[in-house]
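Engineer: Below is final38.pdb; it holds PDB, C-alpha atoms, pLDDT in the B column.
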```pdb
ATOM      1  CA  MET K  26      -6.965 -11.214 -30.173  1.00 68.00           C
ATOM      2  CA  MET K  27      -5.162 -14.416 -29.297  1.00 76.00           C
ATOM      3  CA  GLU K  28      -4.174 -15.104 -25.686  1.00 87.00           C
ATOM      4  CA  PHE K  29      -0.494 -15.546 -24.875  1.00 85.00           C
ATOM      5  CA  ASP K  30       0.278 -18.700 -22.900  1.00 86.00           C
ATOM      6  CA  PHE K  31       3.326 -17.969 -20.716  1.00 81.00           C
ATOM      7  CA  THR K  32       3.443 -21.592 -19.533  1.00 82.00           C
ATOM      8  CA  LYS K  33       4.025 -22.844 -23.066  1.00 85.00           C
ATOM      9  CA  ALA K  34       6.329 -20.019 -24.142  1.00 84.00           C
ATOM     10  CA  TYR K  35       8.555 -20.119 -21.033  1.00 84.00           C
ATOM     11  CA  LYS K  36       8.154 -23.667 -19.798  1.00 84.00           C
ATOM     12  CA  GLU K  37      11.854 -23.969 -18.907  1.00 82.00           C
ATOM     13  CA  PHE K  38      11.308 -21.229 -16.300  1.00 82.00           C
ATOM     14  CA  LEU K  39       7.794 -21.993 -15.055  1.00 82.00           C
ATOM     15  CA  LEU K  40       7.515 -25.766 -14.881  1.00 81.00           C
ATOM     16  CA  PRO K  41       9.050 -27.562 -11.893  1.00 82.00           C
ATOM     17  CA  GLN K  42      12.383 -29.300 -12.387  1.00 84.00           C
ATOM     18  CA  THR K  43      13.571 -32.525 -10.767  1.00 89.00           C
ATOM     19  CA  LYS K  44      16.606 -30.845  -9.138  1.00 90.00           C
ATOM     20  CA  PRO K  45      17.183 -27.323  -7.800  1.00 89.00           C
ATOM     21  CA  GLN K  46      19.144 -25.200 -10.235  1.00 87.00           C
ATOM     22  CA  ILE K  47      20.155 -21.613 -10.916  1.00 87.00           C
ATOM     23  CA  VAL K  48      18.523 -20.119 -13.991  1.00 84.00           C
ATOM     24  CA  THR K  49      19.299 -16.916 -15.856  1.00 87.00           C
ATOM     25  CA  LEU K  50      16.180 -15.130 -17.024  1.00 83.00           C
ATOM     26  CA  PRO K  51      16.105 -13.035 -20.200  1.00 83.00           C
ATOM     27  CA  PRO K  52      15.407  -9.293 -19.922  1.00 88.00           C
ATOM     28  CA  VAL K  53      11.694  -8.517 -19.632  1.00 80.00           C
ATOM     29  CA  ASN K  54       9.546  -5.401 -19.812  1.00 86.00           C
ATOM     30  CA  PHE K  55       7.136  -4.606 -17.022  1.00 81.00           C
ATOM     31  CA  ILE K  56       4.968  -1.787 -15.795  1.00 85.00           C
ATOM     32  CA  ALA K  57       4.424  -0.584 -12.240  1.00 83.00           C
ATOM     33  CA  VAL K  58       1.610   1.612 -10.979  1.00 80.00           C
ATOM     34  CA  ARG K  59       2.186   3.725  -7.878  1.00 80.00           C
ATOM     35  CA  ASP K  60      -0.395   5.594  -5.880  1.00 77.00           C
ATOM     36  CA  LYS K  61      -0.875   7.057  -2.419  1.00 78.00           C
ATOM     37  CA  GLY K  62      -3.463   6.346   0.233  1.00 77.00           C
ATOM     38  CA  ASP K  63      -5.593   3.438   1.306  1.00 80.00           C
ATOM     39  CA  PRO K  64      -7.878   2.163  -1.487  1.00 75.00           C
ATOM     40  CA  ASN K  65     -10.219   0.733   1.163  1.00 82.00           C
ATOM     41  CA  GLU K  66     -11.072   4.195   2.557  1.00 81.00           C
ATOM     42  CA  LYS K  67     -13.373   6.741   0.951  1.00 80.00           C
ATOM     43  CA  GLY K  68     -11.128   9.198  -0.903  1.00 73.00           C
ATOM     44  CA  GLY K  69      -8.136   7.054   0.031  1.00 70.00           C
ATOM     45  CA  CYS K  70      -6.471   7.117  -3.386  1.00 65.00           C
ATOM     46  CA  TRP K  71      -6.078  10.153  -5.507  1.00 58.00           C
TER      47      TRP K  71
END
```
Would you give me this structure, written as structure tokens?
Structural biologist:
Amino acid sequence: MMEFDFTKAYKEFLLPQTKPQIVTLPPVNFIAVRDKGDPNEKGGCW
């Protein structure tokens, strides 16, 4: 499987510009994982 290089694919968003500017990002998919408890305690997450 080939790695995806975000820096090359989205360089207009990730590389620093010479002047501050407002950019409009395209829609993206993401995933979020939610849990309860403290992962640092025994039995902290269920």
Engineer: Hey, can you check how far atom CA of K:Lys36 sits from atom CA of K:Val48?
Structural biologist: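 Computing it gives 12.4 Å between the two atoms.
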Engineer: Please enumerate the residues selected by the PyMOL selection byres ((chain K and resi 50) around 12) when evaluated against the supplied file, formatted as a PDB file with C-alpha atoms, keeping the file's coordinate frame.
Structural biologist:
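Okay, this is what ended up in selection_1.pdb:
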```pdb
ATOM      1  CA  TYR K  35       8.555 -20.119 -21.033  1.00 84.00           C
ATOM      2  CA  GLU K  37      11.854 -23.969 -18.907  1.00 82.00           C
ATOM      3  CA  PHE K  38      11.308 -21.229 -16.300  1.00 82.00           C
ATOM      4  CA  LEU K  39       7.794 -21.993 -15.055  1.00 82.00           C
ATOM      5  CA  ILE K  47      20.155 -21.613 -10.916  1.00 87.00           C
ATOM      6  CA  VAL K  48      18.523 -20.119 -13.991  1.00 84.00           C
ATOM      7  CA  THR K  49      19.299 -16.916 -15.856  1.00 87.00           C
ATOM      8  CA  PRO K  51      16.105 -13.035 -20.200  1.00 83.00           C
ATOM      9  CA  PRO K  52      15.407  -9.293 -19.922  1.00 88.00           C
ATOM     10  CA  VAL K  53      11.694  -8.517 -19.632  1.00 80.00           C
TER      11      VAL K  53
END
```
Engineer: Using atom CA of K:Phe55 and atom CA of K:Pro41 as the two end points, give the distance in Å to one decimal.
Structural biologist: 23.6 Å
Engineer: What are the centre and edge lengths in Å, to one decimal, of the axis-aligned box around all listed atoms of stretch 46-54 of chain K with 8 Å added on each side, as lines of an AutoDock Vina configuration file?
Structural biologist:
```
center_x = 14.9
center_y = -15.3
center_z = -15.2
size_x = 26.6
size_y = 35.8
size_z = 26.0
```
Engineer: Hey, can you check how far atom CA of K:Phe31 sits from atom CA of K:Val58?
Structural biologist: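 Computing the Euclidean distance for atom CA of K:Phe31 and atom CA of K:Val58 yields 21.9 Å.
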Engineer: Kindly add N, CA and C atoms to the incomplete stretch 30-61 of chain K and provide the output as a short mmCIF file (atom, residue, chain, number, x, y, z; two decimals), in the frame of the given file.
Structural biologist:
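To be explicit, this is the file written out as rebuild.cif:
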```cif
data_model
loop_
_atom_site.label_atom_id
_atom_site.label_comp_id
_atom_site.auth_asym_id
_atom_site.auth_seq_id
_atom_site.Cartn_x
_atom_site.Cartn_y
_atom_site.Cartn_z
N ASP K 30 0.12 -17.69 -23.95
CA ASP K 30 0.28 -18.70 -22.90
C ASP K 30 1.73 -18.70 -22.42
N PHE K 31 1.97 -18.05 -21.27
CA PHE K 31 3.33 -17.97 -20.72
C PHE K 31 3.87 -19.35 -20.35
N THR K 32 3.00 -20.26 -19.92
CA THR K 32 3.44 -21.59 -19.53
C THR K 32 4.06 -22.34 -20.72
N LYS K 33 3.48 -22.18 -21.88
CA LYS K 33 4.03 -22.84 -23.07
C LYS K 33 5.26 -22.12 -23.60
N ALA K 34 5.23 -20.79 -23.58
CA ALA K 34 6.33 -20.02 -24.14
C ALA K 34 7.59 -20.08 -23.28
N TYR K 35 7.41 -20.15 -21.95
CA TYR K 35 8.56 -20.12 -21.03
C TYR K 35 8.55 -21.33 -20.11
N LYS K 36 8.28 -22.48 -20.65
CA LYS K 36 8.15 -23.67 -19.80
C LYS K 36 9.44 -24.01 -19.06
N GLU K 37 10.59 -23.67 -19.60
CA GLU K 37 11.85 -23.97 -18.91
C GLU K 37 12.00 -23.16 -17.63
N PHE K 38 11.26 -22.05 -17.50
CA PHE K 38 11.31 -21.23 -16.30
C PHE K 38 10.14 -21.48 -15.35
N LEU K 39 9.01 -21.91 -15.86
CA LEU K 39 7.79 -21.99 -15.06
C LEU K 39 7.44 -23.40 -14.57
N LEU K 40 7.86 -24.41 -15.29
CA LEU K 40 7.52 -25.77 -14.88
C LEU K 40 8.55 -26.29 -13.88
N PRO K 41 8.11 -27.06 -12.91
CA PRO K 41 9.05 -27.56 -11.89
C PRO K 41 10.09 -28.51 -12.50
N GLN K 42 11.29 -28.42 -11.96
CA GLN K 42 12.38 -29.30 -12.39
C GLN K 42 12.57 -30.40 -11.35
N THR K 43 13.33 -31.42 -11.70
CA THR K 43 13.57 -32.52 -10.77
C THR K 43 14.62 -32.17 -9.72
N LYS K 44 15.55 -31.26 -10.07
CA LYS K 44 16.61 -30.84 -9.14
C LYS K 44 16.64 -29.32 -9.06
N PRO K 45 17.01 -28.78 -7.90
CA PRO K 45 17.18 -27.32 -7.80
C PRO K 45 18.31 -26.87 -8.73
N GLN K 46 18.12 -25.72 -9.34
CA GLN K 46 19.14 -25.20 -10.24
C GLN K 46 19.05 -23.69 -10.31
N ILE K 47 20.13 -23.06 -10.72
CA ILE K 47 20.16 -21.61 -10.92
C ILE K 47 19.83 -21.36 -12.38
N VAL K 48 18.89 -20.46 -12.61
CA VAL K 48 18.52 -20.12 -13.99
C VAL K 48 18.78 -18.64 -14.22
N THR K 49 19.12 -18.30 -15.45
CA THR K 49 19.30 -16.92 -15.86
C THR K 49 18.11 -16.54 -16.73
N LEU K 50 17.36 -15.55 -16.29
CA LEU K 50 16.18 -15.13 -17.02
C LEU K 50 16.54 -14.08 -18.06
N PRO K 51 15.85 -14.07 -19.20
CA PRO K 51 16.10 -13.04 -20.20
C PRO K 51 15.52 -11.70 -19.72
N PRO K 52 15.98 -10.59 -20.28
CA PRO K 52 15.41 -9.29 -19.92
C PRO K 52 13.92 -9.26 -20.26
N VAL K 53 13.14 -8.62 -19.40
CA VAL K 53 11.69 -8.52 -19.63
C VAL K 53 11.24 -7.08 -19.39
N ASN K 54 10.16 -6.70 -20.03
CA ASN K 54 9.55 -5.40 -19.81
C ASN K 54 8.42 -5.56 -18.81
N PHE K 55 8.23 -4.57 -17.98
CA PHE K 55 7.14 -4.61 -17.02
C PHE K 55 6.67 -3.19 -16.76
N ILE K 56 5.53 -3.08 -16.14
CA ILE K 56 4.97 -1.79 -15.80
C ILE K 56 4.59 -1.81 -14.32
N ALA K 57 4.79 -0.70 -13.65
CA ALA K 57 4.42 -0.58 -12.24
C ALA K 57 3.53 0.64 -12.08
N VAL K 58 2.52 0.50 -11.25
CA VAL K 58 1.61 1.61 -10.98
C VAL K 58 1.76 1.98 -9.52
N ARG K 59 2.02 3.26 -9.25
CA ARG K 59 2.19 3.72 -7.88
C ARG K 59 1.08 4.72 -7.56
N ASP K 60 0.66 4.70 -6.33
CA ASP K 60 -0.40 5.59 -5.88
C ASP K 60 -0.20 5.85 -4.40
N LYS K 61 -0.96 6.75 -3.84
CA LYS K 61 -0.88 7.06 -2.42
C LYS K 61 -2.23 6.81 -1.79
#
```
